[in-house]
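First comes the structure, then the notes that go with it.
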Amino acid sequence: MKKFSKVLSLLLAVMMVLSVMSFANAEEGLAYEAGTVLRMATGYNNAKTGLFFDAETAGEGVTLADGNTYHSGDLKPTWVAVQDKLNVVFENKYQGNGSKDEFNYWKEQMDQVDMLSGTASLLSENGEAGLLVNLADYLDQMPNFKAYLEANPIVLLSITGNVDTGAIYFSPYFDGVNDIERMPLMRTDWVEKLLNGEGEFTAEASKKLAAPVYTPYMPTEGKVEIDVVTADGTAVETIAKDYDAAGNIVAKMNEAGELDGVAAVNMLRAYIDTAYNGYYGTNRADLFIGQNAAWDADELVALVRCVVANPQTLNGTDTIQGIFSREDNNTQRRVDMTRFAGHLFGVRGMESRQDYLYVGTDGELHDARQEAAAYEAMARMNAMAQEGLISAAFINAEEVKTDAYLEQDLGFMHYDYNQTQTVYNKTKLDNAAGEKYMAVMVPVAKWYDGTNEDGVYMRFTESWRSVKTDGWGISKAGVEGDENKLNAALSLIDFAYSEEGQILMSYGPDAFIKTNDDGSYVTFSFNGKDMPVIADATFAELWEKASGNYTNYARMYLGSTLSFAKSQAFEYQCTHEVGKEGAGRISTAIGLGTIKHPELAVCENPWYTSVPTVLPTTKTENQELGQYTELNDKFSGSKGGQNIFVDIIASGFTAEGMGSAEEAAAYVADTMYGAQYLDIKEGAWEADVDYFNEIAE
């Protein structure tokens, strides 16, 4: 009996050893030893948004809605769940850098890491140089990732690093997909206060308008017909801007001579009544803030003139900043002003998924940096700046942030993300006093989409969610010769694109999600799909620890939303009711076709084709592109960087060799090697299209 017990004990011990030695999802065939260590140089942009808690966020210990207390150096809840699910061990190698700097830090010591963050272009370029694992070689063993790519062919096109081999060197990151990204946001209560009501506008005090510099963009005569959503949001109707009857509001203000704020408001009111033949009635503010809004750049300039000239009425002070950026001293945020300029004046490429590229009606790539229209748009923004319609801090790059403008009733509008900015309705504004900051319809502009040689007046947004410009790759030197590490890393990527993985990467673990008595998720309908509802404790914690900012909470505390596929369903639940109101109107307009956008497909009309986040340039071409440092450095979108478009908005055409829009475009093409850059990118785009047609057959 004792002998039998010893044999049984030995057998059990062997079975336990075997269970520890191997872990795999049988259908995937990616076997690896349980407890395989993955060295992770991965995160989002700084030490607070990595897989592990940093000292500042954790403090002496932070207790979360799952009831657990986490300390500095501990894995965040999402990654505890991933570690348990995949039976791996994560080791922290993350330096807390942005994607570009994080990759470059490890580039010369790739044997020290197994997975690392990087920009999409860096990952593809260095994959071609042999530093990263080609994920395409393993797609048959990654059923979830493979199915995702097959269901979204434009995504496959966006991440293919070599069309001859079909190589893929990184897992894509989606901050939502196939939906609008940034939106114009306004203090809508101010618009109503200025424009609505019977009779004339009156005020005890107002300021003089600055001498006019901005000149009309829209016509000064004739009629322009615009499709709008009906006020009740159920249908589409066509209305007219009648310039013959009303004139152009900017031209009328410019010709009027010296105006004060009261006279300017009444002039704008009369213009709206006449130009739209009474369509808006006494709710004139709906031209800008309604479901049936139809505003354009000129009308916006007239409105902002009225806003900055009536601070005593609107905020009881002597100053209001008109249009601002989230952080006026941060190039990463200041470039939002250039993106907004593209929307106002019908310029493609200002909000491209890659550099400033867009597909023209000719099917070829174009670069906004090499086209005079882009600089003309920036010059128009500079004219607005000269009139004091753009914040003084933006012009002088002082450190003033959006929340300070809103909290102190100092700012009127900016162009940004809806959820993170409309949360200020709860944290910074006094809603009891009727203060309201919300998304409004994108502007009407003339766009040259090829359907009319003279252009089409319509609403179009280039801010469309697709593959983001960073992702995670697998270090070839790190996993070389170690099949356990390779298979574990591949399994992590594949799991992230499973249904379970996508929920985990968006919501965090189940403890943060509301469940029924049987343990199933409580769900709600989001974009036609049932998605989980967050737990009450999660929602409360979101406000306690991140002031309602979903993205900050998810990245800093849960460890979700760092890469892979993020659903907007969690973020939507955390959006302030005011934010939902404005975004809902925009969503209705998109659904009814009155706001057009790029498509995540190769379209029959190529102008509507979204540019892939990465183009399949060769190693030699990448080396050549790397030499065009001025082109990259002087159109930076990074904090502390320089951006010529931003400089023109702030200061006009002051750079050497760039005395006008035409000179600037030519300087970029000729002196900054823009023409050579575009030639390389166009060749890669043509190869991409050929590859797409081949895999689509």
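Following the order of the structure tokens, first chain is A, next is B, and so on, with residues numbered from 1 inside each chain and ligands from 1 in the order they appear.
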> Counting only C-alpha atoms, what is within 12 Å of A:Gln332, bar same-chain residues fewer than 3 positions away, as a list in words?
Replying inline: Ser325, Arg326, Glu327, Asp328, Asn329, Val335, Asp336, Met337, Thr338, Arg339, Asp416, Phe635, Ser636, Gly637, Ser638, Lys639, Gly640, Gly641, Gln642, Asn643 and Val646 of chain A
May I have the residues from that selection written out with N, CA and C atoms, as an mmCIF file, in the first residue's frame?
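Result file follows (selection-v6.cif):
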data_model
loop_
_atom_site.group_PDB
_atom_site.id
_atom_site.type_symbol
_atom_site.label_atom_id
_atom_site.label_comp_id
_atom_site.auth_asym_id
_atom_site.auth_seq_id
_atom_site.Cartn_x
_atom_site.Cartn_y
_atom_site.Cartn_z
ATOM 1 N N SER A 325 -6.151 76.103 -28.319
ATOM 2 C CA SER A 325 -5.822 74.680 -28.351
ATOM 3 C C SER A 325 -5.719 74.180 -26.911
ATOM 4 N N ARG A 326 -5.745 72.863 -26.737
ATOM 5 C CA ARG A 326 -5.788 72.298 -25.384
ATOM 6 C C ARG A 326 -4.636 72.788 -24.526
ATOM 7 N N GLU A 327 -3.446 72.819 -25.077
ATOM 8 C CA GLU A 327 -2.277 73.365 -24.388
ATOM 9 C C GLU A 327 -1.563 74.256 -25.392
ATOM 10 N N ASP A 328 -1.683 75.551 -25.189
ATOM 11 C CA ASP A 328 -1.184 76.487 -26.185
ATOM 12 C C ASP A 328 0.337 76.545 -26.268
ATOM 13 N N ASN A 329 1.033 75.886 -25.343
ATOM 14 C CA ASN A 329 2.494 75.880 -25.400
ATOM 15 C C ASN A 329 3.046 74.532 -25.860
ATOM 16 N N VAL A 335 -0.940 71.699 -32.989
ATOM 17 C CA VAL A 335 -1.206 71.268 -34.371
ATOM 18 C C VAL A 335 -2.697 71.016 -34.595
ATOM 19 N N ASP A 336 -3.481 70.881 -33.523
ATOM 20 C CA ASP A 336 -4.927 70.762 -33.704
ATOM 21 C C ASP A 336 -5.492 71.995 -34.396
ATOM 22 N N MET A 337 -4.842 73.145 -34.212
ATOM 23 C CA MET A 337 -5.292 74.362 -34.887
ATOM 24 C C MET A 337 -5.091 74.231 -36.397
ATOM 25 N N THR A 338 -4.039 73.555 -36.820
ATOM 26 C CA THR A 338 -3.810 73.358 -38.259
ATOM 27 C C THR A 338 -4.815 72.353 -38.815
ATOM 28 N N ARG A 339 -5.162 71.357 -38.015
ATOM 29 C CA ARG A 339 -6.182 70.391 -38.444
ATOM 30 C C ARG A 339 -7.536 71.088 -38.630
ATOM 31 N N ASP A 416 -10.983 69.249 -30.732
ATOM 32 C CA ASP A 416 -10.328 68.239 -29.905
ATOM 33 C C ASP A 416 -11.232 67.017 -29.780
ATOM 34 N N PHE A 635 7.965 69.872 -39.483
ATOM 35 C CA PHE A 635 6.518 69.643 -39.486
ATOM 36 C C PHE A 635 6.184 68.642 -38.386
ATOM 37 N N SER A 636 6.758 68.890 -37.210
ATOM 38 C CA SER A 636 6.614 67.981 -36.079
ATOM 39 C C SER A 636 5.226 68.088 -35.457
ATOM 40 N N GLY A 637 4.767 66.969 -34.921
ATOM 41 C CA GLY A 637 3.541 66.958 -34.141
ATOM 42 C C GLY A 637 3.813 66.567 -32.704
ATOM 43 N N SER A 638 5.057 66.727 -32.267
ATOM 44 C CA SER A 638 5.473 66.304 -30.928
ATOM 45 C C SER A 638 5.701 67.506 -30.020
ATOM 46 N N LYS A 639 5.513 67.278 -28.733
ATOM 47 C CA LYS A 639 5.748 68.330 -27.755
ATOM 48 C C LYS A 639 7.187 68.818 -27.858
ATOM 49 N N GLY A 640 7.362 70.117 -27.923
ATOM 50 C CA GLY A 640 8.702 70.682 -28.019
ATOM 51 C C GLY A 640 9.220 70.789 -29.428
ATOM 52 N N GLY A 641 8.498 70.219 -30.397
ATOM 53 C CA GLY A 641 8.940 70.273 -31.781
ATOM 54 C C GLY A 641 8.491 71.549 -32.481
ATOM 55 N N GLN A 642 8.994 71.724 -33.692
ATOM 56 C CA GLN A 642 8.601 72.871 -34.512
ATOM 57 C C GLN A 642 7.641 72.403 -35.589
ATOM 58 N N ASN A 643 6.656 73.240 -35.897
ATOM 59 C CA ASN A 643 5.747 72.948 -36.995
ATOM 60 C C ASN A 643 5.524 74.225 -37.784
ATOM 61 N N VAL A 646 2.009 75.669 -37.839
ATOM 62 C CA VAL A 646 1.698 76.359 -36.585
ATOM 63 C C VAL A 646 2.357 77.736 -36.568
#
> Quick one: DSSP helix (DSSP H, G or I) residues in stretch 362-584 of chain A, as a PyMOL selection string?
Replying inline: chain A and resi 368-370+372-386+392-396+402-407+418-422+424-427+431-433+476-479+483-496+499-507+510-512+536-546+550-558+569-573+577-584
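Proximity to A:Ala341 at 7 Å, evaluated using only C-alpha atoms and with sequence-adjacent residues fewer than 5 positions away removed, yields Ala377, Met378 and Met381 of chain A.
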> Can you tell me, as a list in words, what residues are no more than 9 Å from A:Gly473 when counting only C-alpha atoms, ignoring any on the same chain fewer than 5 positions away?
Replying inline: Asp114, Met115, Leu116, Ser117, Gly118, Leu123, Gly127, Leu132, Val133, Leu135, Tyr169, Phe170 and Ser171 of chain A
> Within 8 Å of stretch 236-240 of chain A, counting only C-alpha atoms, which residues qualify if same-chain residues fewer than 6 places away don't, as a PyMOL selection string?
Replying inline: chain A and resi 223-230+275-276+592+594
Would you save the residues of that selection, restricted to N, CA, C and O atoms, as a tab-separated table (two decimals), in the first residue's frame?
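The file below, selection24.tsv, is the result:
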chain	number	residue	atom	x	y	z
A	223	LYS	N	-25.95	82.05	-54.73
A	223	LYS	CA	-26.52	81.17	-53.72
A	223	LYS	C	-25.70	79.89	-53.62
A	223	LYS	O	-25.18	79.41	-54.63
A	224	VAL	N	-25.61	79.35	-52.43
A	224	VAL	CA	-24.95	78.06	-52.19
A	224	VAL	C	-25.95	77.16	-51.49
A	224	VAL	O	-26.47	77.51	-50.42
A	225	GLU	N	-26.26	76.02	-52.09
A	225	GLU	CA	-27.19	75.09	-51.48
A	225	GLU	C	-26.44	74.06	-50.63
A	225	GLU	O	-25.41	73.53	-51.06
A	226	ILE	N	-27.00	73.80	-49.45
A	226	ILE	CA	-26.35	72.92	-48.48
A	226	ILE	C	-27.37	71.89	-47.98
A	226	ILE	O	-28.50	72.25	-47.63
A	227	ASP	N	-26.96	70.63	-47.93
A	227	ASP	CA	-27.80	69.60	-47.33
A	227	ASP	C	-27.57	69.59	-45.83
A	227	ASP	O	-26.42	69.52	-45.36
A	228	VAL	N	-28.65	69.65	-45.08
A	228	VAL	CA	-28.57	69.59	-43.61
A	228	VAL	C	-29.55	68.55	-43.10
A	228	VAL	O	-30.50	68.17	-43.78
A	229	VAL	N	-29.31	68.08	-41.89
A	229	VAL	CA	-30.27	67.22	-41.21
A	229	VAL	C	-31.38	68.10	-40.65
A	229	VAL	O	-31.12	69.20	-40.14
A	230	THR	N	-32.59	67.64	-40.75
A	230	THR	CA	-33.70	68.41	-40.19
A	230	THR	C	-33.52	68.57	-38.68
A	230	THR	O	-32.82	67.78	-38.03
A	275	ALA	N	-30.01	85.71	-45.05
A	275	ALA	CA	-29.30	84.72	-45.87
A	275	ALA	C	-30.02	83.38	-45.87
A	275	ALA	O	-30.00	82.66	-46.87
A	276	TYR	N	-30.67	83.05	-44.76
A	276	TYR	CA	-31.36	81.76	-44.66
A	276	TYR	C	-32.88	81.91	-44.72
A	276	TYR	O	-33.61	80.98	-44.40
A	592	LEU	N	-26.81	60.01	-41.87
A	592	LEU	CA	-27.69	60.47	-42.95
A	592	LEU	C	-26.92	61.03	-44.14
A	592	LEU	O	-27.52	61.48	-45.11
A	594	THR	N	-24.83	63.68	-44.44
A	594	THR	CA	-24.55	65.11	-44.63
A	594	THR	C	-23.15	65.49	-44.16
A	594	THR	O	-22.71	66.63	-44.36
> Neighbours of A:Ala439 within 8 Å (only C-alpha atoms; same-chain residues fewer than 2 positions away dropped), as a list in words?
Replying inline: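 In the requested form, the answer reads Met183, Pro184, Leu185, Met186, Asn418, Thr422, Tyr437, Met441, Gly579, Gly582 and Ala583 of chain A.
Closest to A:Gly674 among A:Tyr415, A:Tyr628, A:Tyr424, A:Trp543 is A:Tyr628, based on only C-alpha atoms.
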> Can you list, as a VMD selection string, every protein, DNA or RNA residue that comes within 7 Å of stretch 294-302 of chain A when you count only C-alpha atoms, leaving out same-chain residues fewer than 6 positions away?
Replying inline: chain A and resid 216 to 218 228 249 to 250 268 287 to 288 344 443 to 445
The selected residues should be written to file as a short mmCIF file (atom, residue, chain, number, x, y, z; two decimals), in the first residue's frame (atoms: all heavy atoms).
data_model
loop_
_atom_site.label_atom_id
_atom_site.label_comp_id
_atom_site.auth_asym_id
_atom_site.auth_seq_id
_atom_site.Cartn_x
_atom_site.Cartn_y
_atom_site.Cartn_z
N PRO A 216 -13.21 87.51 -47.01
CA PRO A 216 -14.13 86.40 -47.25
C PRO A 216 -13.50 85.19 -47.93
O PRO A 216 -12.70 85.32 -48.86
CB PRO A 216 -15.20 87.03 -48.15
CG PRO A 216 -15.19 88.48 -47.79
CD PRO A 216 -13.73 88.79 -47.52
N TYR A 217 -13.89 84.03 -47.43
CA TYR A 217 -13.56 82.75 -48.06
C TYR A 217 -14.74 82.26 -48.90
O TYR A 217 -14.58 81.77 -50.01
CB TYR A 217 -13.21 81.73 -46.97
CG TYR A 217 -13.28 80.29 -47.40
CD1 TYR A 217 -12.29 79.74 -48.22
CD2 TYR A 217 -14.32 79.46 -46.98
CE1 TYR A 217 -12.35 78.40 -48.62
CE2 TYR A 217 -14.38 78.13 -47.37
CZ TYR A 217 -13.40 77.61 -48.19
OH TYR A 217 -13.47 76.29 -48.58
N MET A 218 -15.93 82.41 -48.37
CA MET A 218 -17.15 82.01 -49.07
C MET A 218 -17.52 83.09 -50.10
O MET A 218 -16.96 84.19 -50.09
CB MET A 218 -18.28 81.79 -48.05
CG MET A 218 -18.04 80.66 -47.07
SD MET A 218 -18.03 79.01 -47.81
CE MET A 218 -19.78 78.77 -48.15
N VAL A 228 -28.65 69.65 -45.08
CA VAL A 228 -28.57 69.59 -43.61
C VAL A 228 -29.55 68.55 -43.10
O VAL A 228 -30.50 68.17 -43.78
CB VAL A 228 -28.89 70.96 -42.96
CG1 VAL A 228 -27.93 72.02 -43.43
CG2 VAL A 228 -30.34 71.37 -43.24
N ILE A 249 -21.19 88.04 -44.77
CA ILE A 249 -21.14 88.69 -43.47
C ILE A 249 -19.77 89.28 -43.17
O ILE A 249 -19.65 90.37 -42.58
CB ILE A 249 -21.58 87.72 -42.34
CG1 ILE A 249 -21.61 88.43 -40.98
CG2 ILE A 249 -20.71 86.48 -42.30
CD1 ILE A 249 -22.52 89.64 -40.93
N VAL A 250 -18.71 88.61 -43.57
CA VAL A 250 -17.37 89.15 -43.33
C VAL A 250 -17.16 90.42 -44.16
O VAL A 250 -16.66 91.43 -43.65
CB VAL A 250 -16.29 88.10 -43.65
CG1 VAL A 250 -14.91 88.76 -43.74
CG2 VAL A 250 -16.28 87.01 -42.60
N LEU A 268 -24.82 90.37 -37.51
CA LEU A 268 -24.82 88.92 -37.73
C LEU A 268 -26.24 88.36 -37.64
O LEU A 268 -26.64 87.50 -38.44
CB LEU A 268 -23.90 88.23 -36.73
CG LEU A 268 -23.81 86.70 -36.80
CD1 LEU A 268 -23.43 86.22 -38.21
CD2 LEU A 268 -22.82 86.16 -35.77
N LEU A 287 -27.75 77.86 -36.36
CA LEU A 287 -26.86 77.88 -37.51
C LEU A 287 -25.52 77.27 -37.15
O LEU A 287 -24.87 76.61 -37.97
CB LEU A 287 -26.65 79.33 -37.99
CG LEU A 287 -25.53 79.56 -39.03
CD1 LEU A 287 -25.83 78.82 -40.32
CD2 LEU A 287 -25.33 81.05 -39.28
N PHE A 288 -25.10 77.45 -35.89
CA PHE A 288 -23.81 76.94 -35.42
C PHE A 288 -23.94 75.69 -34.55
O PHE A 288 -23.09 74.80 -34.64
CB PHE A 288 -23.09 78.03 -34.60
CG PHE A 288 -22.75 79.25 -35.39
CD1 PHE A 288 -23.60 80.35 -35.39
CD2 PHE A 288 -21.60 79.30 -36.16
CE1 PHE A 288 -23.29 81.49 -36.12
CE2 PHE A 288 -21.27 80.42 -36.89
CZ PHE A 288 -22.13 81.52 -36.89
N LEU A 344 -11.91 74.08 -42.01
CA LEU A 344 -12.52 75.37 -42.31
C LEU A 344 -12.39 75.75 -43.78
O LEU A 344 -13.31 76.35 -44.35
CB LEU A 344 -11.90 76.47 -41.45
CG LEU A 344 -12.26 76.48 -39.96
CD1 LEU A 344 -11.41 77.51 -39.23
CD2 LEU A 344 -13.74 76.77 -39.76
N PRO A 443 -17.75 72.25 -40.16
CA PRO A 443 -18.17 73.36 -41.03
C PRO A 443 -18.38 72.97 -42.48
O PRO A 443 -17.86 71.97 -42.97
CB PRO A 443 -16.99 74.33 -40.91
CG PRO A 443 -15.81 73.45 -40.62
CD PRO A 443 -16.35 72.36 -39.74
N VAL A 444 -19.14 73.81 -43.16
CA VAL A 444 -19.28 73.72 -44.62
C VAL A 444 -18.05 74.37 -45.25
O VAL A 444 -17.62 75.45 -44.81
CB VAL A 444 -20.56 74.45 -45.09
CG1 VAL A 444 -20.60 74.56 -46.60
CG2 VAL A 444 -21.80 73.74 -44.55
N ALA A 445 -17.48 73.73 -46.24
CA ALA A 445 -16.35 74.30 -46.97
C ALA A 445 -16.41 73.81 -48.41
O ALA A 445 -17.21 72.93 -48.75
CB ALA A 445 -15.03 73.90 -46.32
#
> Tell me, which residues of stretch 254-373 of chain A carry DSSP strand (DSSP E), written as a PyMOL selection string?
Replying inline: chain A and resi 321-323+357-359+365-367
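When atom CA of A:Ser560 is paired with atom CA of A:Met505, their separation reads 4.8 Å.
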>> Let me make sure I understand: among A:Val602, A:Ala65, A:Asp454, A:Ile180, which one has the smallest atom-to-atom distance to A:Asp690 if we use only C-alpha atoms?
In response: A:Val602
